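Engineer: Take this structure, written in structure tokens, and hold onto it; I'll ask about it next.
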Amino acid sequence: MQLPEALYPWRRWLEWFAPEQLPLFVDLFGRLNPLLGPLRGLHQGGVPEPDGLGDLQRRGPYERLLSSEWLLADELPDEFLRRAVVGEHLFLAPQYRARQASRLMVVLFDVGPLQLGAARLVHLALLILLARRAEEAGAELRWGVVQQPARLHEFNSAGHLRQMLALRTYQAATEEHWQTWRDALAELKSVAGESWLVGQRLPPVDGHLCTQRVLVHPSLDGRGLGVQIQPGAARRVTLGQPDERLALQLLSGQFAGEQVSTGRLRGDVPRVALTLPPVISSSGNHIALRLLDEPGVAVIKLPGINQKKHLDVRRELWSNGGTALTVTFMGRVVGAVLSSPTELHFWKLAGLRTVAKPALEELQLPPGTASYLPAVALRSRSDGRLFLLDPRGRLAFWVMAIGGALSKSRIGVTQYLADDVLAMARVDGDVVAYVRRDEGRLYVHRVNAAGIVSSAHVIAAAQGVKRVLFAHGPLWRRGFGGCALLQEEAGRQKWRVVPARETSQAVLDITLDKGWKALGLLFEGDEQVYSLLLLGPNQQTVAVHSEGQQQVLFTTSQAISRWSFCPASGLLAVLTSARELLVYSAPRRTLCLQVFCDGSGQQNRDDGDA
């Protein structure tokens with residue numbers, strides 16, 4: 001897993017976690033690590049061992065007197081005596097190699113009732129910080145819990161971290177516990193160079209039980225945690241409340257990094273283009289990526305949670321003669337609309353026949369774009385249509401040949417549904433919604449696979465609206481299901497979320513910080529809440545804005561080049577400049593897949609890595 005630069009020193013341990021959990025560590029490590037101070041306890045000790053000659057000095061035994069001084073005694077004895085009286089003789093000084101007196105670092109955690117909840121996240125972070133501290137000093141880290149005396153554990157796997165988190169109790173630490181640990185540490189063959197105590201009510205620093213105390217306690221206002229390290233002045237910090245969802249994951253030992261697919265791929269993922277976004281199937285089971293070196297796409301079947309089987313990656317190629325205007329899924333099958341000089345070909349879109357290419361004034365079909373044209377294929381048992389929106393806002397469609405109920409005159413003909421359309425998307429299984437301008441207002445319509453168009457629903461004035469995001473959900477079967485409208489204000493995106501009437505949520509205005517932009521609108525049906533998925537100004541941070549709060553979901557080590565959000569499945573797929581594909585489930589708040597698509601044969605890492 002590639003990490004943000006701020007976390008790179010702890011990469012060995014953070015590979016146990018998923019990218020969406022890393023922002024929590026950025027804050028914890030960034031604020032706790034400076035408090036630890038310089039390394040103590042690994043002092044020079046034992047009997048020094050000579051290791052050759054080091055330097056010249058004015059004092060020393062006369063068996064180490066410089067040979068030139070003895071020559072002076074033979075030639076000028078009075079000068080020799082004078083130099084001896086005033087201390088001007090030069091002696092050889094041996095070089096000593098000192099031995100380290102201690103190669104052990106111990107940390108003890110109070111896991112009683114005063115340290116339940118968010119304080120345990122501080123324990124988790126400190127264990128990783130001290131592990132790196134010990135590694136840098138060439139020491140061994142051992143940890144224990146106060147309420148289980150005289151048992152020290154190793155720390156070299158995620159399992160040990162879970163073990164520490166699981167050792168919690170409602171028994172408070174007693175003086176008997178402390179004394180038992182004093183005796184146990186005194187009996188160690190290797191005296192601990194540094195010994196840390198972590199908790200709230202701790203005994204004083206005495207050099208026998210501990211050299212450092214980390215006091216973790218609720219802040220005065222009850223909204224965070226205060227952390228103070230003793231001895232030492234001004235070594236304290238106040239931590240805010242962590243993201244509740246991520247905190248619960250970590251405290252329960254659910255390191256989401258292990259839910260990411262870690263199985264090996266069946267063959268290499270070929271190189272993919274960074275100029276076109278991923279395409280996500282509405283079921284959320286497949287991702288299609290445009291191939292860089294061949295005319296076609298690479299299709300990846302997304303794994304189930306904790307799947308250990310090989311991931312299926314296959315190439316789907318079309319003829320060299322056509323330019324892909326769009327790529328879309330019809331069920332599990334990926335298809336494309338290919339443009340030739342005189343015709344439009346429907347590659348692997350069953351029931352659609354080649355048609356004459358419409359004139360430019362009828363349908364604008366650019367020969368090459370930085371993105372695919374919006375397209376949705378709907379198919380039921382008796383009907384089917386492919387909808388496509390051109391850059392000028394004209395919504396076209398083609399009828400699929402299914403059974404014999406349709407008139408042959410409707411097959412193989414380009415037809416038009418609406419003009420001045422701002423946006424179109426699949427909003428339910430067999431329903432497409434689109435927004436059109438008309439006389440200064442925005443109207444929403446629904447259309448199904450049979451071509452039946454709903455009556456118009458007015459949502460807002462059209463002036464200044466530049467983009468529309470649709471929510472997905474069953475509310476669209478009965479009427480309007482919710483959308484978000486973009487206006488820009490002083491270089492910032494301002495979104496108006498217009499909810500469905502069936503929800504209790506009111507119209508919501510959200511002004512994003514400068515540089516942030518929205519990627520998609522998510523309707524979380526259980527809570528009846530609309531959430532905006534966001535991309536940060538550094539192009540490496542993905543966040544969610546929900547109920548007035550903005551939370552980071554995950555970060556990438558390289559800038560995000562292209563992205564795609566599927567409202568139907570709630571999946572967000574991003575391609576970074578390093579051709580790394582990450583697929584994130586917004587409803588589940590988990591990373592589903594992380595893989596490199598650079599043709600180098602680099603695979604997902606083994607279990608335990610993200």
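Chain identifiers are assigned as A, B, and so on, following the order in which chains appear in the structure tokens; residues are numbered from 1 within each chain, and ligands are numbered from 1 in order of appearance.
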Near A:Ala559, counting only C-alpha atoms, which residues have an atom at most 12 Å away, once you skip same-chain residues fewer than 2 positions from it, shown as a PyMOL selection string?
Structural biologist: chain A and resi 4+274+535-542+555-557+561-563+574-581
Engineer: List the spatial neighbours of stretch 316-318 of chain A as a list of chain:residue names - criterion: any atom at most 7 Å away, only C-alpha atoms, same-chain residues fewer than 6 positions off excluded.
Structural biologist: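 Using only C-alpha atoms, the neighbours found are A:Pro295, A:Gly296, A:Val297, A:Ala298.
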Engineer: Would you kindly return, as a list in words, each protein, DNA or RNA residue with an atom no farther than 7 Å from any atom of A:Leu66, considering only C-alpha atoms and excluding same-chain residues fewer than 4 positions away?
Structural biologist: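 Here the answer would be Leu90, Phe91 and Leu92 of chain A.
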Engineer: Atom CA of A:Arg437 and atom CA of A:His457 are how many Å apart?
Structural biologist: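 Here the two named atoms are 11.7 Å from each other.
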Engineer: Would you mind reading off the distance between atom CA of A:Asp312 and atom CA of A:Ile300, one decimal, in Å?
Structural biologist: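 About the pair atom CA of A:Asp312 and atom CA of A:Ile300: they are 5.9 Å apart.
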